[in-house]
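Novice: Dropping in data_39.cif, which is mmCIF, C-alpha atoms and all ligand atoms:
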```cif
data_upload
#
loop_
_atom_site.label_atom_id
_atom_site.label_comp_id
_atom_site.auth_asym_id
_atom_site.auth_seq_id
_atom_site.Cartn_x
_atom_site.Cartn_y
_atom_site.Cartn_z
CA MET A 21 82.39 56.57 105.60
CA PRO A 22 85.90 55.09 105.82
CA LYS A 23 87.10 53.86 109.20
CA ARG A 24 89.58 56.40 110.61
CA ILE A 25 92.66 54.76 112.07
CA ALA A 26 96.06 55.53 113.54
CA ILE A 27 98.94 53.07 113.44
CA LEU A 28 101.52 53.15 116.23
CA GLY A 29 104.64 51.28 115.13
CA SER A 30 103.83 51.96 111.48
CA THR A 31 107.38 51.29 110.23
CA GLY A 32 107.68 47.90 111.95
CA SER A 33 106.61 44.53 110.63
CA ILE A 34 102.98 44.65 111.84
CA GLY A 35 102.68 48.34 110.94
CA ARG A 36 103.77 47.73 107.35
CA GLN A 37 101.48 44.72 107.04
CA THR A 38 98.61 46.84 108.37
CA LEU A 39 99.26 49.38 105.62
CA ALA A 40 99.26 46.52 103.08
CA VAL A 41 95.77 45.56 104.29
CA VAL A 42 94.65 49.21 104.09
CA GLU A 43 95.83 49.34 100.46
CA ALA A 44 94.00 46.12 99.62
CA PHE A 45 90.65 47.77 100.47
CA PRO A 46 90.75 51.22 98.86
CA GLY A 47 88.28 53.68 100.31
CA ASP A 48 87.45 51.54 103.37
CA ILE A 49 90.09 52.92 105.71
CA GLU A 50 91.54 56.39 106.17
CA VAL A 51 94.98 56.56 107.75
CA VAL A 52 94.72 59.57 110.08
CA GLY A 53 97.83 59.03 112.18
CA LEU A 54 101.20 57.29 111.83
CA ALA A 55 103.78 56.91 114.57
CA CYS A 56 106.96 54.98 115.19
CA GLY A 57 109.94 54.73 117.53
CA HIS A 58 113.02 55.95 115.68
CA ASP A 59 112.86 55.39 111.91
CA GLY A 60 112.22 59.00 110.81
CA PRO A 61 112.98 58.53 107.09
CA ALA A 62 110.58 55.56 106.78
CA LEU A 63 107.91 57.51 108.68
CA LEU A 64 108.25 60.47 106.31
CA ALA A 65 107.99 58.18 103.28
CA GLN A 66 104.78 56.71 104.71
CA ALA A 67 103.45 60.21 105.45
CA ALA A 68 104.06 61.23 101.83
CA ARG A 69 102.12 58.19 100.61
CA TYR A 70 99.18 58.08 103.05
CA ARG A 71 98.84 61.81 103.86
CA PRO A 72 97.88 61.42 107.56
CA GLN A 73 96.75 64.38 109.67
CA VAL A 74 99.32 63.60 112.35
CA ILE A 75 102.67 61.81 112.62
CA ALA A 76 104.91 61.12 115.60
CA LEU A 77 108.43 59.93 116.26
CA ALA A 78 109.14 58.80 119.84
CA GLN A 79 112.93 59.07 119.61
CA GLY A 80 114.45 61.86 117.51
CA ARG A 81 112.89 64.54 115.32
CA VAL A 82 111.31 64.69 111.88
CA ASP A 83 110.73 67.63 109.59
CA ALA A 84 107.64 67.20 107.45
CA GLY A 85 107.88 70.77 106.08
CA HIS A 86 108.14 69.53 102.46
CA LEU A 87 104.69 67.89 102.65
CA SER A 88 101.73 70.06 101.73
CA PRO A 89 99.40 70.07 103.50
CA GLY A 90 101.84 69.04 106.22
CA PRO A 91 100.73 66.79 109.08
CA ALA A 92 100.90 67.81 112.73
CA VAL A 93 104.19 66.44 114.07
CA PHE A 94 104.92 65.21 117.59
CA SER A 95 108.15 63.88 119.02
CA GLY A 96 109.38 62.73 122.39
CA PRO A 97 108.19 60.30 125.03
CA ASP A 98 104.46 61.16 124.91
CA ALA A 99 104.32 61.48 121.10
CA LEU A 100 102.64 58.10 120.56
CA THR A 101 100.01 58.85 123.18
CA ARG A 102 99.18 62.15 121.48
CA VAL A 103 98.51 60.31 118.24
CA ALA A 104 96.39 57.68 120.07
CA ALA A 105 94.29 60.51 121.51
CA TRP A 106 93.92 62.40 118.19
CA PRO A 107 90.29 63.56 117.71
CA GLY A 108 87.96 61.62 115.47
CA LEU A 109 89.70 58.24 115.47
CA ASP A 110 87.66 55.04 115.25
CA LEU A 111 90.53 52.66 115.93
CA VAL A 112 94.20 52.66 116.95
CA VAL A 113 96.52 49.85 115.88
CA VAL A 114 99.07 49.43 118.67
CA ALA A 115 101.96 47.66 116.98
CA VAL A 116 104.96 49.08 118.80
CA SER A 117 107.05 46.56 120.69
CA GLY A 118 107.60 46.66 124.43
CA LEU A 119 106.00 48.65 127.23
CA ALA A 120 105.93 51.75 124.99
CA GLY A 121 102.49 50.50 123.94
CA LEU A 122 100.91 50.85 127.39
CA ALA A 123 100.24 54.60 127.73
CA PRO A 124 98.82 54.99 124.18
CA THR A 125 96.62 51.91 124.66
CA LEU A 126 95.17 53.33 127.89
CA ALA A 127 94.72 56.75 126.25
CA ALA A 128 92.75 55.35 123.31
CA LEU A 129 90.57 53.02 125.41
CA GLY A 130 89.93 55.81 127.90
CA ARG A 131 88.43 57.86 125.05
CA GLY A 132 86.22 55.00 123.91
CA ILE A 133 88.40 54.28 120.84
CA ASP A 134 88.89 50.67 119.76
CA VAL A 135 92.41 49.28 119.99
CA ALA A 136 93.68 46.62 117.61
CA LEU A 137 96.34 45.26 119.93
CA ALA A 138 99.46 43.69 118.50
CA ASN A 139 101.57 44.61 121.53
CA LYS A 140 101.49 41.77 124.04
CA GLU A 141 103.93 43.38 126.49
CA THR A 142 101.27 45.92 127.42
CA MET A 143 98.82 43.19 128.35
CA VAL A 144 101.45 41.21 130.23
CA ALA A 145 102.67 44.14 132.33
CA ALA A 146 99.32 45.77 132.99
CA GLY A 147 96.50 43.43 131.97
CA ASP A 148 94.27 44.56 134.82
CA LEU A 149 94.66 48.25 133.91
CA VAL A 150 94.04 47.64 130.22
CA MET A 151 90.95 45.50 130.85
CA ALA A 152 89.61 48.15 133.26
CA ALA A 153 90.20 50.89 130.66
CA ALA A 154 88.30 48.80 128.09
CA LYS A 155 85.16 49.06 130.24
CA GLY A 156 84.90 52.68 129.06
CA GLY A 157 83.58 51.74 125.61
CA GLY A 158 86.71 51.14 123.52
CA ARG A 159 87.17 47.49 122.62
CA ILE A 160 90.41 45.49 122.57
CA LEU A 161 90.60 43.62 119.27
CA PRO A 162 93.46 41.11 119.43
CA VAL A 163 95.88 41.04 116.49
CA ASP A 164 98.26 38.39 117.83
CA SER A 165 97.45 35.40 115.61
CA GLU A 166 96.77 32.96 118.46
CA HIS A 167 94.51 35.41 120.26
CA SER A 168 92.68 36.33 117.08
CA ALA A 169 92.09 32.59 116.61
CA LEU A 170 90.87 32.20 120.19
CA TRP A 171 88.64 35.22 119.86
CA GLN A 172 87.01 33.59 116.81
CA CYS A 173 86.66 30.18 118.54
CA LEU A 174 85.37 31.62 121.83
CA GLU A 175 82.98 34.28 120.57
CA GLY A 176 79.44 33.59 121.76
CA ARG A 177 80.52 30.66 123.93
CA ARG A 178 79.73 30.31 127.64
CA SER A 179 82.83 30.35 129.85
CA GLU A 180 81.63 27.29 131.79
CA ASP A 181 81.58 25.25 128.55
CA VAL A 182 85.28 25.92 127.92
CA ARG A 183 87.48 23.19 129.40
CA VAL A 184 90.85 24.22 127.97
CA VAL A 185 92.29 26.87 125.68
CA ILE A 186 95.34 25.87 123.66
CA LEU A 187 97.87 28.24 122.12
CA THR A 188 100.09 26.73 119.47
CA ALA A 189 103.79 27.57 119.10
CA SER A 190 105.94 27.01 116.03
CA GLY A 191 108.79 26.03 118.34
CA GLY A 192 111.05 28.58 116.65
CA PRO A 193 114.30 27.94 114.79
CA PHE A 194 115.94 25.87 117.56
CA ARG A 195 113.22 23.29 118.18
CA THR A 196 115.39 20.40 117.04
CA LEU A 197 118.84 21.81 117.74
CA PRO A 198 120.85 19.70 120.23
CA PRO A 199 120.46 21.50 123.61
CA ALA A 200 124.24 21.77 124.02
CA ASP A 201 124.38 23.91 120.86
CA LEU A 202 121.88 26.50 122.16
CA GLU A 203 124.57 28.36 124.07
CA GLY A 204 126.43 29.25 120.86
CA VAL A 205 123.56 30.48 118.66
CA ASP A 206 123.77 34.12 117.56
CA ALA A 207 121.22 36.84 116.90
CA ARG A 208 121.08 36.13 113.18
CA ALA A 209 120.16 32.49 113.70
CA ALA A 210 117.59 33.43 116.35
CA CYS A 211 115.88 35.92 114.04
CA VAL A 212 115.06 33.34 111.36
CA ASN A 213 111.55 32.07 112.00
CA PRO A 214 110.51 29.05 109.95
CA ASN A 215 106.95 30.28 109.27
CA TRP A 216 106.33 33.88 110.27
CA SER A 217 107.77 37.17 109.09
CA MET A 218 108.40 39.23 112.25
CA GLY A 219 110.50 41.93 113.92
CA ARG A 220 113.73 41.08 115.76
CA LYS A 221 112.47 41.29 119.35
CA ILE A 222 109.55 38.93 118.78
CA SER A 223 111.73 36.62 116.67
CA VAL A 224 114.09 36.12 119.61
CA ASP A 225 111.08 35.67 121.92
CA SER A 226 109.82 32.97 119.55
CA ALA A 227 113.19 31.25 119.62
CA THR A 228 113.22 31.17 123.46
CA LEU A 229 109.46 30.44 123.63
CA MET A 230 109.14 33.50 125.89
CA ASN A 231 106.75 34.75 123.22
CA LYS A 232 104.40 31.89 124.02
CA GLY A 233 104.77 32.52 127.73
CA LEU A 234 103.83 36.18 127.23
CA GLU A 235 100.90 35.05 125.09
CA VAL A 236 99.63 32.77 127.88
CA ILE A 237 99.51 35.79 130.20
CA GLU A 238 97.93 37.88 127.43
CA ALA A 239 95.23 35.22 126.92
CA ARG A 240 94.54 35.09 130.64
CA TRP A 241 93.57 38.77 130.58
CA LEU A 242 91.91 38.98 127.18
CA PHE A 243 89.58 36.06 127.80
CA GLY A 244 89.32 36.12 131.60
CA LEU A 245 90.69 32.58 131.98
CA ASP A 246 92.60 31.13 134.90
CA TYR A 247 95.99 29.56 134.19
CA ASP A 248 94.69 26.01 134.78
CA ARG A 249 92.62 26.29 131.61
CA LEU A 250 95.52 27.45 129.42
CA GLN A 251 97.84 25.09 127.58
CA VAL A 252 100.67 25.40 125.03
CA VAL A 253 101.28 22.86 122.27
CA VAL A 254 104.13 22.97 119.77
CA HIS A 255 102.85 22.81 116.20
CA PRO A 256 105.73 23.39 113.78
CA GLU A 257 103.55 23.97 110.70
CA SER A 258 101.79 27.05 112.23
CA VAL A 259 98.51 26.30 110.45
CA VAL A 260 96.39 25.74 113.56
CA HIS A 261 96.74 28.96 115.55
CA ALA A 262 94.69 28.00 118.58
CA MET A 263 92.22 25.39 119.81
CA VAL A 264 89.42 25.46 122.31
CA GLY A 265 88.48 22.25 124.13
CA LEU A 266 84.86 22.22 125.28
CA CYS A 267 83.51 20.41 128.33
CA ASP A 268 81.94 17.60 126.27
CA GLY A 269 85.26 16.66 124.66
CA THR A 270 84.77 18.61 121.41
CA PHE A 271 87.65 20.71 120.09
CA LEU A 272 87.30 23.80 117.92
CA ALA A 273 90.36 24.99 116.02
CA CYS A 274 91.15 28.02 113.89
CA LEU A 275 93.25 27.31 110.80
CA SER A 276 94.75 29.61 108.19
CA ARG A 277 98.00 30.27 106.39
CA PRO A 278 100.58 31.80 108.74
CA ASP A 279 100.18 35.37 107.50
CA MET A 280 99.71 38.25 109.94
CA ARG A 281 97.70 40.22 107.40
CA LEU A 282 94.74 37.95 108.12
CA PRO A 283 94.39 38.65 111.89
CA ILE A 284 95.14 42.33 111.15
CA GLN A 285 92.35 42.40 108.57
CA TYR A 286 89.94 40.65 110.94
CA ALA A 287 90.61 43.21 113.68
CA LEU A 288 90.42 46.21 111.32
CA PHE A 289 87.03 45.26 109.88
CA TYR A 290 85.45 43.37 112.81
CA PRO A 291 82.64 42.31 112.90
CA GLU A 292 82.62 42.35 109.11
CA ARG A 293 84.55 39.58 107.32
CA LYS A 294 86.25 40.67 104.11
CA THR A 295 86.71 38.55 101.01
CA GLY A 296 89.61 37.96 98.78
CA CYS A 297 92.73 39.92 99.62
CA LEU A 298 94.97 37.07 100.75
CA PRO A 299 96.03 33.67 99.44
CA VAL A 300 93.82 30.97 100.93
CA LEU A 301 94.81 27.73 102.63
CA ASP A 302 94.09 24.62 100.56
CA PRO A 303 93.37 21.77 103.02
CA GLY A 304 94.04 19.23 100.26
CA GLN A 305 97.61 20.53 99.97
CA MET A 306 98.17 20.98 103.69
CA GLY A 307 99.98 17.68 104.23
CA ARG A 308 100.70 16.43 107.71
CA LEU A 309 100.02 18.58 110.76
CA SER A 310 101.98 17.64 113.87
CA PHE A 311 101.66 18.50 117.55
CA GLU A 312 103.93 17.86 120.52
CA PRO A 313 104.30 19.11 124.10
CA PRO A 314 106.85 21.92 124.58
CA ASP A 315 110.31 20.91 125.81
CA LEU A 316 110.48 22.90 129.05
CA ALA A 317 114.08 21.91 129.78
CA ARG A 318 115.21 23.34 126.46
CA PHE A 319 112.97 26.40 126.71
CA PRO A 320 112.90 27.50 130.40
CA CYS A 321 111.37 30.87 129.46
CA LEU A 322 107.96 29.28 129.01
CA GLU A 323 107.95 27.98 132.58
CA LEU A 324 109.28 31.32 133.92
CA ALA A 325 106.38 33.14 132.27
CA TRP A 326 103.83 30.68 133.53
CA GLU A 327 105.13 31.01 137.07
CA ALA A 328 105.21 34.82 136.91
CA GLY A 329 101.64 34.78 135.61
CA ARG A 330 100.45 32.56 138.43
CA ARG A 331 102.20 34.67 141.07
CA GLY A 332 100.50 37.76 139.66
CA PHE A 333 100.91 41.33 140.99
CA THR A 334 104.02 42.87 139.41
CA PHE A 335 105.75 39.57 138.56
CA PRO A 336 104.55 39.52 134.93
CA CYS A 337 105.64 43.15 134.49
CA VAL A 338 109.09 42.29 135.87
CA LEU A 339 109.30 39.20 133.68
CA ASN A 340 108.56 41.32 130.65
CA ALA A 341 111.03 44.10 131.55
CA ALA A 342 113.86 41.69 132.35
CA ASN A 343 113.19 39.85 129.11
CA GLU A 344 113.26 43.07 127.08
CA VAL A 345 116.68 43.92 128.54
CA ALA A 346 117.96 40.36 128.04
CA VAL A 347 116.83 40.28 124.40
CA GLU A 348 118.36 43.71 123.68
CA ARG A 349 121.69 42.57 125.14
CA PHE A 350 121.53 39.29 123.21
CA LEU A 351 120.81 41.14 119.96
CA ALA A 352 123.77 43.43 120.71
CA GLY A 353 126.01 40.38 121.12
CA GLU A 354 126.59 41.05 124.82
CA LEU A 355 124.74 38.01 126.18
CA LYS A 356 124.47 34.41 125.06
CA PHE A 357 121.13 32.97 124.01
CA THR A 358 121.04 30.78 127.11
CA ASP A 359 121.70 33.86 129.28
CA ILE A 360 118.21 35.16 128.46
CA PRO A 361 116.31 32.79 130.80
CA ARG A 362 119.15 32.99 133.35
CA LEU A 363 118.88 36.76 133.54
CA VAL A 364 115.08 36.79 133.67
CA SER A 365 115.11 34.15 136.38
CA ARG A 366 117.64 36.09 138.51
CA VAL A 367 115.61 39.29 138.31
CA LEU A 368 112.37 37.50 139.21
CA ALA A 369 114.07 35.83 142.17
CA LYS A 370 114.97 39.22 143.63
CA HIS A 371 111.56 40.80 143.11
CA LEU A 372 109.34 41.76 146.02
CA PRO A 373 105.95 42.29 144.38
CA LEU A 374 104.20 45.65 144.55
CA LYS A 375 100.56 45.08 145.39
CA GLU A 376 99.08 48.55 144.99
CA PRO A 377 97.18 48.52 141.66
CA GLY A 378 97.75 51.35 139.17
CA LEU A 379 99.93 52.68 136.39
CA GLU A 380 102.59 54.10 138.76
CA THR A 381 103.08 50.66 140.31
CA VAL A 382 103.59 49.10 136.90
CA LEU A 383 106.06 51.78 135.84
CA THR A 384 107.95 51.51 139.15
CA ALA A 385 108.27 47.73 138.87
CA ASP A 386 109.27 48.07 135.22
CA ARG A 387 112.04 50.58 136.04
CA TRP A 388 113.29 48.48 138.97
CA ALA A 389 113.49 45.37 136.80
CA ARG A 390 115.26 47.15 133.94
CA THR A 391 117.88 48.65 136.25
CA LEU A 392 118.60 45.34 137.96
CA ALA A 393 118.56 43.43 134.66
CA GLY A 394 121.03 45.93 133.20
CA GLN A 395 123.40 45.47 136.16
CA LEU A 396 123.15 41.69 136.13
CA ALA A 397 123.55 41.59 132.35
CA GLY A 398 126.78 43.57 132.68
CA GLN A 399 128.10 41.00 135.18
CA MET A 400 126.95 38.06 133.08
CA GLY A 401 128.45 39.57 129.93
CA ARG A 402 131.80 39.65 131.74
CA GLY A 403 131.40 35.98 132.55
CA ALA A 404 130.15 36.32 136.14
MG MG B 501 101.52 35.14 118.37
#
```
Could the structure of this file be written out as structure tokens, please?

Specialist:
Amino acid sequence: MPKRIAILGSTGSIGRQTLAVVEAFPGDIEVVGLACGHDGPALLAQAARYRPQVIALAQGRVDAGHLSPGPAVFSGPDALTRVAAWPGLDLVVVAVSGLAGLAPTLAALGRGIDVALANKETMVAAGDLVMAAAKGGGRILPVDSEHSALWQCLEGRRSEDVRVVILTASGGPFRTLPPADLEGVDARAACVNPNWSMGRKISVDSATLMNKGLEVIEARWLFGLDYDRLQVVVHPESVVHAMVGLCDGTFLACLSRPDMRLPIQYALFYPERKTGCLPVLDPGQMGRLSFEPPDLARFPCLELAWEAGRRGFTFPCVLNAANEVAVERFLAGELKFTDIPRLVSRVLAKHLPLKEPGLETVLTADRWARTLAGQLAGQMGRGA
């Protein structure tokens, strides 16, 4: 029996790479649902190729009337959640970017459906809710490359044996740029990642190192670690994705070519390991691997994320929301690159944490942060 999956964010980078993995293993996976944010034409093209039972577009409308048999079609704000809750699914790939991934993730887990999670914002904003939902039978299978690596290094290990967990960062395109030049970099330069092929939001997050900060918070929840046991190391070659330091001084590391299809494949088929669809790393040709501590003065976002994580409550949610607004405005040319940490820092400084647990609290904090970030971004864009 093929595994029955839905892909949320199917037209984005991770979504398309997921479909490439599906095609590499004919007959093993049935694509039952496809959903995306706004790219209706690309969604329809995918629907014609994969013949899902259900498709959804969060923003806008699609007409699938020319497909026979036509899929069920949903649109609007709860469209993604309706796909995640579609009957008979074995697994949902959550590959949308931003907090849009939260409600569908909770819906799938709440029905005992596994979630292959490529959306770190959901974990950052509502890690406690997601982990609680996962107690209902559905598993969270990390797709983020560092977390997939950690999952593989940590599986079967006792927590008390783990001394430190290290996430590696490529350092992004501006790792060696003189700090004074950071202010003038534009969206195009920020979206060029030296090693990984990614969407625009996560590319900017990689350039600011906010991505790594979000991943630290994500790791805290996924693996139940306190922040003192988490560390970030810059590793420009992106071959070692994560390391685990054990109490006796041993380190375990997970190495592979920087190709998201591998962690996607691992999550889709877990616990089975598949052979032969991707080019393999040749250690003899690997050359030099280098590691260095992150430059926190150059990349203040990493420290902001760490601090928000440690403070807990709704601080990580606010960090994430303010960052989403800052990145949008930067991509639109309204803010400078160096305004991103400034804006996030200003919003965090004004936040009074909400301590009541629950989805409403998360959504309230998220809305508050977006509104304030939008106002402050307007002022900053005018040079205030
Ligand atoms: Mg990652």

Novice: Looking at A:Ala397, A:Val382, A:Ala317, A:Val252, which one is nearest to ligand MG 501 (chain B), with distances taken over all atoms listed in the file?

Specialist: A:Val252

Novice: Could you report the residues within 6 Å of ligand MG 501 (chain B), using all atoms listed in the file, as a PyMOL selection string?

Specialist: chain A and resi 164-166

Novice: Quick one: which stretch 240-303 of chain A residues come within 9 Å of stretch 139-158 of chain A, and what is the nearest atom pair for each with the distance in Å to one decimal, counting all atoms listed in the file, rows ordered by chain and ascending number, as JSON lines?

Specialist:
```
{"residue": "A:Arg240", "atom": "CA", "partner": "A:Gly147", "partner_atom": "CA", "distance": 8.7}
{"residue": "A:Trp241", "atom": "CA", "partner": "A:Gly147", "partner_atom": "CA", "distance": 5.7}
{"residue": "A:Leu242", "atom": "CA", "partner": "A:Met151", "partner_atom": "CA", "distance": 7.5}
```

Novice: Tell me which of A:Val300, A:Ala120, A:Ala341, A:Leu266 sits closest to A:Thr384, counting all atoms listed in the file.

Specialist: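 So, comparing all the options, the nearest one is A:Ala341.
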
Novice: Compare A:His167, A:His255, A:Lys221, A:Lys370 by their minimum atom-to-atom distance to A:Arg195, counting all atoms listed in the file, and give me the closest one.

Specialist: A:His255

Novice: Can you tell me, as a list in words, what residues are no more than 8 Å from stretch 38-41 of chain A when counting only C-alpha atoms, ignoring any on the same chain fewer than 6 positions away?

Specialist: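 My reading of the contact set: Ser30, Arg281, Ile284, Gln285 and Cys297 of chain A.
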